[in-house]
$ cat input.cif   # mmCIF, C-alpha atoms (C1' of nucleotides)
data_structure
loop_
_atom_site.label_atom_id
_atom_site.label_comp_id
_atom_site.auth_asym_id
_atom_site.auth_seq_id
_atom_site.Cartn_x
_atom_site.Cartn_y
_atom_site.Cartn_z
CA MET A 338 -22.14 9.22 -10.80
CA PRO A 339 -24.60 12.03 -10.33
CA GLY A 340 -24.95 13.94 -7.16
CA ILE A 341 -22.00 12.62 -5.22
CA LEU A 342 -20.90 16.11 -4.32
CA GLU A 343 -24.39 17.14 -3.31
CA ASP A 344 -24.71 13.99 -1.20
CA ALA A 345 -21.41 14.83 0.40
CA ASP A 346 -22.53 18.38 1.14
CA ARG A 347 -25.66 17.09 2.80
CA HIS A 348 -23.84 14.38 4.68
CA CYS A 349 -21.25 16.80 6.04
CA ALA A 350 -23.86 19.34 7.04
CA LYS A 351 -25.71 16.64 8.93
CA THR A 352 -22.66 15.29 10.74
CA GLY A 353 -21.19 18.72 11.44
CA VAL A 354 -17.89 18.26 9.64
CA ARG A 355 -16.42 20.76 7.22
CA LEU A 356 -16.22 19.93 3.57
CA THR A 357 -13.87 22.75 2.63
CA PRO A 358 -13.27 23.80 -0.99
CA LEU A 359 -10.03 21.83 -1.12
CA ARG A 360 -11.59 18.67 0.23
CA ARG A 361 -14.55 19.09 -2.04
CA ARG A 362 -12.23 19.52 -5.00
CA VAL A 363 -10.38 16.31 -4.15
CA LEU A 364 -13.64 14.43 -3.77
CA GLU A 365 -14.75 15.85 -7.10
CA LEU A 366 -11.61 14.57 -8.80
CA VAL A 367 -11.97 11.13 -7.28
CA ALA A 368 -15.63 10.94 -8.23
CA GLN A 369 -14.97 12.14 -11.77
CA ALA A 370 -12.38 9.47 -12.33
CA GLY A 371 -14.93 6.71 -11.83
CA ALA A 372 -12.07 4.34 -11.13
CA PRO A 373 -9.31 4.02 -8.57
CA VAL A 374 -7.12 7.13 -8.53
CA LYS A 375 -3.61 7.46 -7.17
CA ALA A 376 -2.82 10.18 -4.67
CA TYR A 377 -0.08 11.63 -6.86
CA ASP A 378 -2.41 11.78 -9.84
CA LEU A 379 -4.79 13.86 -7.78
CA LEU A 380 -1.84 15.94 -6.78
CA SER A 381 -0.89 16.79 -10.33
CA GLN A 382 -4.49 17.56 -11.22
CA ILE A 383 -4.78 19.95 -8.31
CA ASP A 384 -1.52 21.52 -9.39
CA GLN A 385 -3.03 22.72 -12.61
CA THR A 386 -5.34 25.03 -10.73
CA ALA A 387 -3.52 25.90 -7.53
CA THR A 388 0.03 27.15 -7.58
CA SER A 389 1.64 24.03 -6.22
CA ALA A 390 0.10 21.30 -4.10
CA LYS A 391 2.35 19.06 -2.05
CA PRO A 392 1.73 15.46 -0.96
CA PRO A 393 0.42 16.34 2.51
CA THR A 394 -2.27 18.45 0.92
CA VAL A 395 -3.88 15.58 -0.88
CA TYR A 396 -3.24 12.98 1.79
CA ARG A 397 -4.87 15.16 4.41
CA ALA A 398 -7.90 15.65 2.22
CA LEU A 399 -8.10 11.93 1.54
CA ASP A 400 -7.80 11.12 5.23
CA PHE A 401 -10.69 13.43 5.93
CA LEU A 402 -12.80 11.98 3.15
CA MET A 403 -12.15 8.44 4.32
CA GLU A 404 -12.98 9.40 7.88
CA ALA A 405 -16.20 10.91 6.61
CA GLY A 406 -17.00 7.77 4.65
CA LEU A 407 -16.90 9.57 1.33
CA VAL A 408 -14.03 7.70 -0.26
CA HIS A 409 -12.47 4.27 0.18
CA ARG A 410 -8.89 3.28 -0.09
CA VAL A 411 -8.22 0.35 -2.40
CA GLU A 412 -5.44 -1.27 -0.45
CA ALA A 413 -4.05 -3.58 -3.06
CA LEU A 414 -3.83 -0.73 -5.56
CA ASN A 415 -2.66 2.12 -3.33
CA ALA A 416 -5.54 4.05 -4.76
CA PHE A 417 -8.83 5.64 -3.86
CA VAL A 418 -12.42 5.47 -5.06
CA ALA A 419 -15.45 7.59 -4.29
CA CYS A 420 -18.04 5.91 -2.17
CA PRO A 421 -21.43 5.96 -3.89
CA GLN A 422 -23.38 6.20 -0.65
CA ALA A 423 -22.01 8.83 1.65
CA GLY A 424 -21.33 7.51 5.08
CA HIS A 425 -23.04 4.12 5.15
CA GLY A 426 -21.42 1.73 7.59
CA HIS A 427 -17.74 1.12 6.90
CA ALA A 428 -18.32 -2.39 5.63
CA ALA A 429 -17.61 -1.90 1.97
CA VAL A 430 -16.82 -4.81 -0.32
CA LEU A 431 -15.11 -3.85 -3.56
CA TYR A 432 -15.17 -5.68 -6.86
CA VAL A 433 -12.35 -4.37 -9.03
CA CYS A 434 -12.16 -5.24 -12.72
CA GLU A 435 -8.55 -5.76 -13.70
CA SER A 436 -9.33 -5.07 -17.33
CA CYS A 437 -11.34 -1.84 -17.29
CA ALA A 438 -10.51 -0.76 -13.71
CA ASN A 439 -14.15 -0.26 -12.90
CA VAL A 440 -15.03 -0.70 -9.23
CA THR A 441 -18.36 -1.87 -7.92
CA GLU A 442 -19.07 -1.43 -4.26
CA VAL A 443 -21.54 -3.56 -2.36
CA GLN A 444 -22.39 -3.30 1.28
CA GLY A 445 -20.90 -6.12 3.26
CA SER A 446 -23.32 -8.46 4.96
CA ARG A 447 -21.48 -8.54 8.29
CA PRO A 448 -18.47 -9.75 6.44
CA GLY A 449 -16.03 -12.34 7.52
CA GLN A 450 -17.42 -13.53 10.78
CA GLU A 451 -17.85 -17.12 9.59
CA ASN A 452 -14.59 -18.76 10.58
CA LYS A 453 -13.44 -16.05 12.90
CA PRO A 454 -10.96 -17.14 15.56
CA ALA A 455 -12.48 -17.36 19.01
CA GLY A 456 -12.31 -14.11 20.92
CA PHE A 457 -11.24 -11.97 17.99
CA THR A 458 -12.93 -8.57 17.76
CA VAL A 459 -13.03 -7.15 14.26
CA LYS A 460 -12.70 -3.38 14.10
CA ARG A 461 -12.12 -2.90 10.40
CA SER A 462 -12.12 -5.12 7.34
CA VAL A 463 -10.50 -4.91 3.96
CA ILE A 464 -12.40 -6.92 1.39
CA GLU A 465 -11.40 -6.56 -2.24
CA HIS A 466 -12.13 -8.92 -5.10
CA TYR A 467 -10.15 -8.74 -8.32
CA GLY A 468 -11.19 -10.20 -11.61
CA LEU A 469 -13.21 -9.38 -14.69
CA CYS A 470 -16.50 -7.54 -14.80
CA ALA A 471 -19.41 -8.50 -17.00
CA ASP A 472 -18.49 -6.00 -19.71
CA CYS A 473 -14.92 -7.18 -20.23
CA PRO A 474 -13.90 -10.13 -22.41
CA HIS A 475 -13.41 -13.31 -20.46
CA PRO A 476 -10.41 -15.24 -21.82
CA MET B 1373 5.58 -22.81 13.51
CA PRO B 1374 7.22 -26.18 13.05
CA GLY B 1375 8.09 -27.65 9.75
CA ILE B 1376 7.22 -24.76 7.49
CA LEU B 1377 10.50 -25.05 5.64
CA GLU B 1378 10.16 -28.81 5.29
CA ASP B 1379 6.62 -28.39 4.05
CA ALA B 1380 7.92 -25.87 1.56
CA ASP B 1381 10.66 -28.24 0.37
CA ARG B 1382 8.10 -30.98 -0.18
CA HIS B 1383 5.65 -28.68 -1.84
CA CYS B 1384 8.26 -27.32 -4.25
CA ALA B 1385 9.58 -30.75 -5.09
CA LYS B 1386 6.05 -31.86 -5.91
CA THR B 1387 5.22 -28.86 -8.06
CA GLY B 1388 8.61 -28.77 -9.76
CA VAL B 1389 9.63 -25.27 -8.78
CA ARG B 1390 13.01 -24.38 -7.36
CA LEU B 1391 13.27 -23.32 -3.74
CA THR B 1392 16.78 -21.93 -3.99
CA PRO B 1393 18.87 -21.14 -0.90
CA LEU B 1394 18.08 -17.45 -1.16
CA ARG B 1395 14.34 -18.05 -1.44
CA ARG B 1396 14.47 -20.57 1.35
CA ARG B 1397 16.32 -18.10 3.49
CA VAL B 1398 13.69 -15.41 2.91
CA LEU B 1399 10.93 -17.86 3.73
CA GLU B 1400 12.78 -18.84 6.87
CA LEU B 1401 13.00 -15.22 7.99
CA VAL B 1402 9.32 -14.62 7.32
CA ALA B 1403 8.32 -17.78 9.16
CA GLN B 1404 10.56 -17.01 12.13
CA ALA B 1405 9.02 -13.59 12.55
CA GLY B 1406 5.62 -15.08 13.27
CA ALA B 1407 4.07 -11.73 12.39
CA PRO B 1408 3.90 -9.51 9.34
CA VAL B 1409 7.37 -8.53 8.17
CA LYS B 1410 8.35 -5.63 5.95
CA ALA B 1411 10.41 -6.24 2.86
CA TYR B 1412 13.13 -3.85 3.98
CA ASP B 1413 13.37 -5.57 7.34
CA LEU B 1414 14.03 -8.81 5.54
CA LEU B 1415 16.54 -6.97 3.45
CA SER B 1416 18.57 -5.81 6.42
CA GLN B 1417 18.45 -9.27 7.97
CA ILE B 1418 19.76 -10.83 4.80
CA ASP B 1419 22.44 -8.19 4.70
CA GLN B 1420 23.98 -9.47 7.88
CA THR B 1421 24.87 -12.73 6.19
CA ALA B 1422 25.36 -11.84 2.56
CA THR B 1423 27.56 -8.98 1.50
CA SER B 1424 24.84 -6.64 0.43
CA ALA B 1425 21.33 -7.47 -0.65
CA LYS B 1426 19.39 -4.94 -2.67
CA PRO B 1427 15.61 -4.44 -2.84
CA PRO B 1428 15.07 -6.51 -5.99
CA THR B 1429 16.67 -9.47 -4.26
CA VAL B 1430 14.03 -9.68 -1.58
CA TYR B 1431 11.12 -8.61 -3.77
CA ARG B 1432 11.94 -11.30 -6.29
CA ALA B 1433 12.11 -13.91 -3.59
CA LEU B 1434 8.81 -12.73 -2.14
CA ASP B 1435 7.17 -12.79 -5.57
CA PHE B 1436 8.28 -16.36 -6.00
CA LEU B 1437 7.07 -17.37 -2.55
CA MET B 1438 3.69 -15.77 -3.12
CA GLU B 1439 3.39 -17.43 -6.48
CA ALA B 1440 4.17 -20.73 -4.81
CA GLY B 1441 1.57 -20.10 -2.12
CA LEU B 1442 4.16 -20.07 0.67
CA VAL B 1443 3.70 -16.51 1.86
CA HIS B 1444 0.88 -13.98 1.74
CA ARG B 1445 1.08 -10.30 1.34
CA VAL B 1446 -0.81 -8.28 3.94
CA GLU B 1447 -2.01 -5.48 1.71
CA ALA B 1448 -3.04 -2.95 4.31
CA LEU B 1449 0.30 -3.29 6.08
CA ASN B 1450 2.67 -3.57 3.12
CA ALA B 1451 4.01 -6.65 4.82
CA PHE B 1452 4.27 -10.39 4.43
CA VAL B 1453 3.38 -13.47 6.46
CA ALA B 1454 4.25 -17.12 6.05
CA CYS B 1455 1.38 -19.32 5.00
CA PRO B 1456 0.92 -22.18 7.45
CA GLN B 1457 -0.29 -24.61 4.79
CA ALA B 1458 1.91 -24.61 1.75
CA GLY B 1459 -0.04 -24.07 -1.40
CA HIS B 1460 -3.65 -24.55 -0.35
CA GLY B 1461 -6.05 -22.64 -2.59
CA HIS B 1462 -5.36 -18.94 -2.72
CA ALA B 1463 -8.40 -18.07 -0.63
CA ALA B 1464 -6.75 -16.96 2.56
CA VAL B 1465 -8.61 -14.86 5.08
CA LEU B 1466 -6.37 -13.03 7.55
CA TYR B 1467 -7.22 -11.87 11.05
CA VAL B 1468 -4.63 -9.34 12.14
CA CYS B 1469 -4.41 -8.22 15.76
CA GLU B 1470 -3.58 -4.53 15.90
CA SER B 1471 -2.21 -4.86 19.39
CA CYS B 1472 0.16 -7.83 19.24
CA ALA B 1473 0.47 -8.06 15.43
CA ASN B 1474 -0.33 -11.74 15.49
CA VAL B 1475 -1.95 -13.02 12.30
CA THR B 1476 -4.34 -15.94 12.11
CA GLU B 1477 -5.10 -17.38 8.72
CA VAL B 1478 -8.27 -19.25 7.96
CA GLN B 1479 -9.23 -20.80 4.67
CA GLY B 1480 -11.93 -18.81 2.98
CA SER B 1481 -15.24 -20.52 2.44
CA ARG B 1482 -15.61 -19.39 -1.16
CA PRO B 1483 -15.35 -15.87 0.02
CA GLY B 1484 -17.32 -12.92 -1.12
CA GLN B 1485 -19.61 -14.46 -3.66
CA GLU B 1486 -22.76 -13.40 -1.78
CA ASN B 1487 -23.58 -10.03 -3.28
CA LYS B 1488 -21.31 -10.37 -6.27
CA PRO B 1489 -22.24 -8.18 -9.24
CA ALA B 1490 -23.77 -10.15 -12.10
CA GLY B 1491 -21.18 -11.48 -14.52
CA PHE B 1492 -18.17 -10.67 -12.41
CA THR B 1493 -15.48 -13.35 -12.33
CA VAL B 1494 -13.32 -13.28 -9.23
CA LYS B 1495 -9.71 -14.20 -9.84
CA ARG B 1496 -8.16 -13.14 -6.57
CA SER B 1497 -9.45 -11.81 -3.26
CA VAL B 1498 -7.93 -9.74 -0.52
CA ILE B 1499 -9.70 -10.35 2.77
CA GLU B 1500 -8.12 -8.90 5.89
CA HIS B 1501 -9.78 -8.27 9.21
CA TYR B 1502 -8.18 -5.93 11.73
CA GLY B 1503 -8.97 -5.82 15.42
CA LEU B 1504 -8.01 -7.43 18.70
CA CYS B 1505 -7.24 -11.06 19.27
CA ALA B 1506 -8.42 -13.05 22.29
CA ASP B 1507 -5.13 -12.59 24.12
CA CYS B 1508 -5.04 -8.80 23.95
CA PRO B 1509 -6.90 -6.48 26.31
CA HIS B 1510 -10.18 -5.27 24.94
CA PRO B 1511 -10.76 -1.63 25.89
"C1'" DG C 838 32.69 -25.30 -25.60
"C1'" DA C 839 28.62 -22.60 -27.54
"C1'" DG C 840 24.26 -21.36 -26.55
"C1'" DC C 841 20.22 -21.01 -23.66
"C1'" DG C 842 17.22 -19.89 -19.76
"C1'" DG C 843 16.54 -19.05 -15.01
"C1'" DA C 844 18.41 -16.91 -10.94
"C1'" DT C 845 20.93 -13.32 -8.87
"C1'" DG C 846 23.86 -8.91 -8.39
"C1'" DT C 847 23.85 -3.96 -8.99
"C1'" DA C 848 22.77 0.90 -9.81
"C1'" DA C 849 19.57 4.06 -10.28
"C1'" DT C 850 15.17 5.92 -9.75
"C1'" DA C 851 10.17 5.92 -9.33
"C1'" DA C 852 6.17 5.75 -6.43
"C1'" DC C 853 4.01 6.19 -2.06
"C1'" DG C 854 3.56 8.35 2.39
"C1'" DT C 855 4.67 11.16 6.76
"C1'" DA C 856 6.85 14.44 10.29
"C1'" DA C 857 7.41 18.79 11.78
"C1'" DC C 858 6.82 23.57 11.73
"C1'" DG C 859 4.53 27.89 11.04
"C1'" DC C 860 1.03 30.84 9.11
"C1'" DT C 861 -3.87 31.70 8.28
"C1'" DT C 862 -8.69 31.03 8.87
"C1'" DT C 863 -12.66 30.01 11.56
"C1'" DG C 864 -15.79 30.15 15.09
"C1'" DA C 865 -16.92 30.65 20.16
"C1'" DC C 866 -17.15 33.69 23.89
"C1'" DG C 867 -16.79 37.64 26.96
"C1'" DC D 508 -15.31 44.11 18.58
"C1'" DG D 509 -11.06 41.74 20.49
"C1'" DT D 510 -9.08 37.67 21.85
"C1'" DC D 511 -8.25 33.02 21.98
"C1'" DA D 512 -8.08 28.13 20.71
"C1'" DA D 513 -8.63 24.83 17.33
"C1'" DA D 514 -8.75 23.43 12.69
"C1'" DG D 515 -7.08 23.90 8.10
"C1'" DC D 516 -3.49 24.45 5.04
"C1'" DG D 517 1.38 25.59 2.87
"C1'" DT D 518 6.00 24.14 2.82
"C1'" DT D 519 10.35 21.68 3.49
"C1'" DA D 520 12.35 17.80 4.15
"C1'" DC D 521 12.59 13.12 4.67
"C1'" DG D 522 11.35 8.13 5.17
"C1'" DT D 523 9.53 4.05 3.23
"C1'" DT D 524 8.14 0.97 -0.40
"C1'" DA D 525 8.79 -0.84 -5.02
"C1'" DT D 526 10.39 -1.18 -9.87
"C1'" DT D 527 13.24 -0.79 -14.22
"C1'" DA D 528 17.04 -1.95 -16.67
"C1'" DC D 529 21.14 -4.06 -17.39
"C1'" DA D 530 25.05 -7.05 -16.16
"C1'" DT D 531 26.65 -11.50 -14.50
"C1'" DC D 532 26.63 -16.18 -13.11
"C1'" DC D 533 25.27 -20.99 -13.05
"C1'" DG D 534 23.50 -25.33 -14.68
"C1'" DC D 535 21.89 -27.54 -18.56
"C1'" DT D 536 21.77 -29.37 -23.37
"C1'" DC D 537 23.57 -29.96 -27.76
#
$ encode --input "input.cif" --output "structure tokens"
Amino acid sequence: MPGILEDADRHCAKTGVRLTPLRRRVLELVAQAGAPVKAYDLLSQIDQTATSAKPPTVYRALDFLMEAGLVHRVEALNAFVACPQAGHGHAAVLYVCESCANVTEVQGSRPGQENKPAGFTVKRSVIEHYGLCADCPHP
Amino acid sequence: MPGILEDADRHCAKTGVRLTPLRRRVLELVAQAGAPVKAYDLLSQIDQTATSAKPPTVYRALDFLMEAGLVHRVEALNAFVACPQAGHGHAAVLYVCESCANVTEVQGSRPGQENKPAGFTVKRSVIEHYGLCADCPHP
DNA sequence: GAGCGGATGTAATAACGTAACGCTTTGACG
DNA sequence: CGTCAAAGCGTTACGTTATTACATCCGCTC
């Protein structure tokens, strides 16, 4: 995952939001992981450098990064992944391998409007597929 | 929501699993709610009848009901809804109104296979759309 | 009745997330 | 430069969500 931080720097400069050192550090940790990371895991990793980070520290950073479109929350895992393309539209579709934990993100093609109930206005979608990726043994 | 419990009885008889009084009671509470319910809300409702239910009681019942295809978990809400059609395929797509909390379930048309990464085998999908239903005021 | 497996009770604790408050930093403006 | 407001962050405390581990009970078969 090369250049995620640089992309983020550029993206934030363009949109006028502040990628502070703390936020950048959290993004770095999420990107390094290359798999879904738990908030409290980030917390303990930050702890090693700073004196003592508390939950709000990391949750605030994650909120910012989600807002900025730099990370996604994996709802069914209570975890977070770095978004490979900073600030695309918010229509991410995630493919999560249950064996190796790798996550592939594809951009949703106007997802889920097929059988939509009449009059429903979609503001946000959670689309996560769980299974086995090509590199993991299929039973 | 008529007949959910009867449907569940029939479905369990057919598939040979045991819908015990406790499990039936939990299903009843979820169905009555007609909206996503939290596990601990169920817990306190059970408490009023039984002496004292503990978290594992309700989580075990919910696990069973999900396994049986009688309830769905709403991942982004940490909540549960009754499934209107007992034990269809597990391809539910949920439309959740953020104003009135009403949930509409539609059966997924082989969801999410469009841009699927090569070689990925989907075992389970989480598809939840959040927004406003037809009956709620659109801003 | 002995033994077995599934279901449930119970206690304790882990994991996840937020509210509220106050201090510090930042950046705009006169 | 001084001041002010807003944003960022530290900290305490707490609330919510979920699981582990072990004990007990119940229905069944032998």
$ atom_distance --input "input.cif" --atom1 "CA of Phe1492 (chain B)" --atom2 "CA of Ala368 (chain A)"
22.2 Å
$ resolve_selection --input "input.cif" --expression "the PyMOL selection byres ((chain C) within 10 of (chain B))" --output "PyMOL selection string"
chain C and resi 843-848
$ closest_atom_pairs --input "input.cif" --of "chain A" --to "chain B" --cutoff "7 Å" --atoms "only C-alpha atoms" --output "CSV"
residue,atom,partner,partner_atom,distance
A:Glu412,CA,B:Ala1448,CA,5.6
A:Ala413,CA,B:Glu1447,CA,5.5
A:Val443,CA,B:Asn1487,CA,6.8
A:Asn452,CA,B:Val1478,CA,6.9
A:Ala455,CA,B:Ala1506,CA,6.8
A:Gly456,CA,B:Ala1506,CA,4.3
A:Phe457,CA,B:Cys1505,CA,4.3
A:Thr458,CA,B:Leu1504,CA,5.1
A:Val459,CA,B:Gly1503,CA,4.4
A:Lys460,CA,B:Gly1503,CA,4.6
A:Arg461,CA,B:Tyr1502,CA,5.1
A:Ser462,CA,B:His1501,CA,4.3
A:Val463,CA,B:Glu1500,CA,5.0
A:Ile464,CA,B:Ile1499,CA,4.6
A:Glu465,CA,B:Val1498,CA,5.0
A:His466,CA,B:Ser1497,CA,4.3
A:Tyr467,CA,B:Arg1496,CA,5.1
A:Gly468,CA,B:Val1494,CA,4.4
A:Leu469,CA,B:Thr1493,CA,5.1
A:Cys470,CA,B:Phe1492,CA,4.3
A:Ala471,CA,B:Gly1491,CA,4.3
$ atom_distance --input "input.cif" --atom1 "CA of Val1389 (chain B)" --atom2 "CA of Pro1427 (chain B)"
22.5 Å
$ residues_near_point --input "input.cif" --point "(-5.3, 17.6, -9.9)" --cutoff "12 Å" --atoms "all atoms listed in the file" --output "PyMOL selection string"
chain A and resi 359-360+362-367+369-370+374-392+394-395
$ resolve_selection --input "input.cif" --expression "the PyMOL selection byres ((chain D and resi 523) around 10)" --output "PyMOL selection string"
(chain B and resi 1412) or (chain C and resi 853-855) or (chain D and resi 521-522+524-525)
$ atom_distance --input "input.cif" --atom1 "CA of Asp400 (chain A)" --atom2 "CA of His348 (chain A)"
16.4 Å
$ resolve_selection --input "input.cif" --expression "the PyMOL selection byres ((chain D and resi 510) around 10)" --output "PyMOL selection string"
(chain C and resi 866-867) or (chain D and resi 508-509+511-512)
$ residues_around --input "input.cif" --residues "Glu1439 (chain B)" --least-positions-apart "4" --cutoff "12 Å" --atoms "only C-alpha atoms (C1' of nucleotides)" --output "list in words"
Cys1384, Thr1387, Val1389, Arg1390, Leu1391, Arg1432, Ala1433, Leu1434, Asp1435, Val1443, His1444, Arg1445, Cys1455, Ala1458, Gly1459, His1460, Gly1461 and His1462 of chain B
$ write_last_selection --input "input.cif" --atoms "C-alpha atoms" --output "short mmCIF file (atom, residue, chain, number, x, y, z; two decimals), in the frame of the given file"
data_model
loop_
_atom_site.label_atom_id
_atom_site.label_comp_id
_atom_site.auth_asym_id
_atom_site.auth_seq_id
_atom_site.Cartn_x
_atom_site.Cartn_y
_atom_site.Cartn_z
CA CYS B 1384 8.26 -27.32 -4.25
CA THR B 1387 5.22 -28.86 -8.06
CA VAL B 1389 9.63 -25.27 -8.78
CA ARG B 1390 13.01 -24.38 -7.36
CA LEU B 1391 13.27 -23.32 -3.74
CA ARG B 1432 11.94 -11.30 -6.29
CA ALA B 1433 12.11 -13.91 -3.59
CA LEU B 1434 8.81 -12.73 -2.14
CA ASP B 1435 7.17 -12.79 -5.57
CA VAL B 1443 3.70 -16.51 1.86
CA HIS B 1444 0.88 -13.98 1.74
CA ARG B 1445 1.08 -10.30 1.34
CA CYS B 1455 1.38 -19.32 5.00
CA ALA B 1458 1.91 -24.61 1.75
CA GLY B 1459 -0.04 -24.07 -1.40
CA HIS B 1460 -3.65 -24.55 -0.35
CA GLY B 1461 -6.05 -22.64 -2.59
CA HIS B 1462 -5.36 -18.94 -2.72
#
$ interface_residues --input "input.cif" --of "chain D" --to "chain A" --cutoff "9 Å" --atoms "all atoms listed in the file" --output "VMD selection string"
chain D and resid 515 to 518
$ axis_aligned_box --input "input.cif" --around "region 432-439 of chain A" --padding-each-side "4 Å" --output "lines of an AutoDock Vina configuration file"
center_x = -11.9
center_y = -3.0
center_z = -12.1
size_x = 14.6
size_y = 13.5
size_z = 18.5
$ decode --input "input.cif" --residues "region 845-865 of chain C" --atoms "C-alpha atoms (C1' of nucleotides)" --output "short mmCIF file (atom, residue, chain, number, x, y, z; two decimals), in the first residue's frame"
data_model
loop_
_atom_site.label_atom_id
_atom_site.label_comp_id
_atom_site.auth_asym_id
_atom_site.auth_seq_id
_atom_site.Cartn_x
_atom_site.Cartn_y
_atom_site.Cartn_z
"C1'" DT C 845 -30.18 -22.92 30.50
"C1'" DG C 846 -28.52 -20.46 34.90
"C1'" DT C 847 -24.82 -17.76 36.88
"C1'" DA C 848 -20.69 -15.02 37.86
"C1'" DA C 849 -17.25 -12.62 36.19
"C1'" DT C 850 -14.94 -10.03 32.87
"C1'" DA C 851 -13.61 -8.55 28.26
"C1'" DA C 852 -14.39 -5.59 24.38
"C1'" DC C 853 -16.35 -1.58 22.35
"C1'" DG C 854 -17.76 3.17 22.57
"C1'" DT C 855 -19.20 7.91 24.48
"C1'" DA C 856 -20.11 12.09 27.61
"C1'" DA C 857 -18.40 15.82 29.77
"C1'" DC C 858 -15.00 18.95 31.12
"C1'" DG C 859 -10.93 21.72 30.76
"C1'" DC C 860 -6.53 22.98 28.81
"C1'" DT C 861 -3.82 24.05 24.70
"C1'" DT C 862 -3.10 25.19 19.98
"C1'" DT C 863 -4.31 27.45 15.80
"C1'" DG C 864 -5.59 30.88 12.81
"C1'" DA C 865 -8.31 35.19 11.72
#
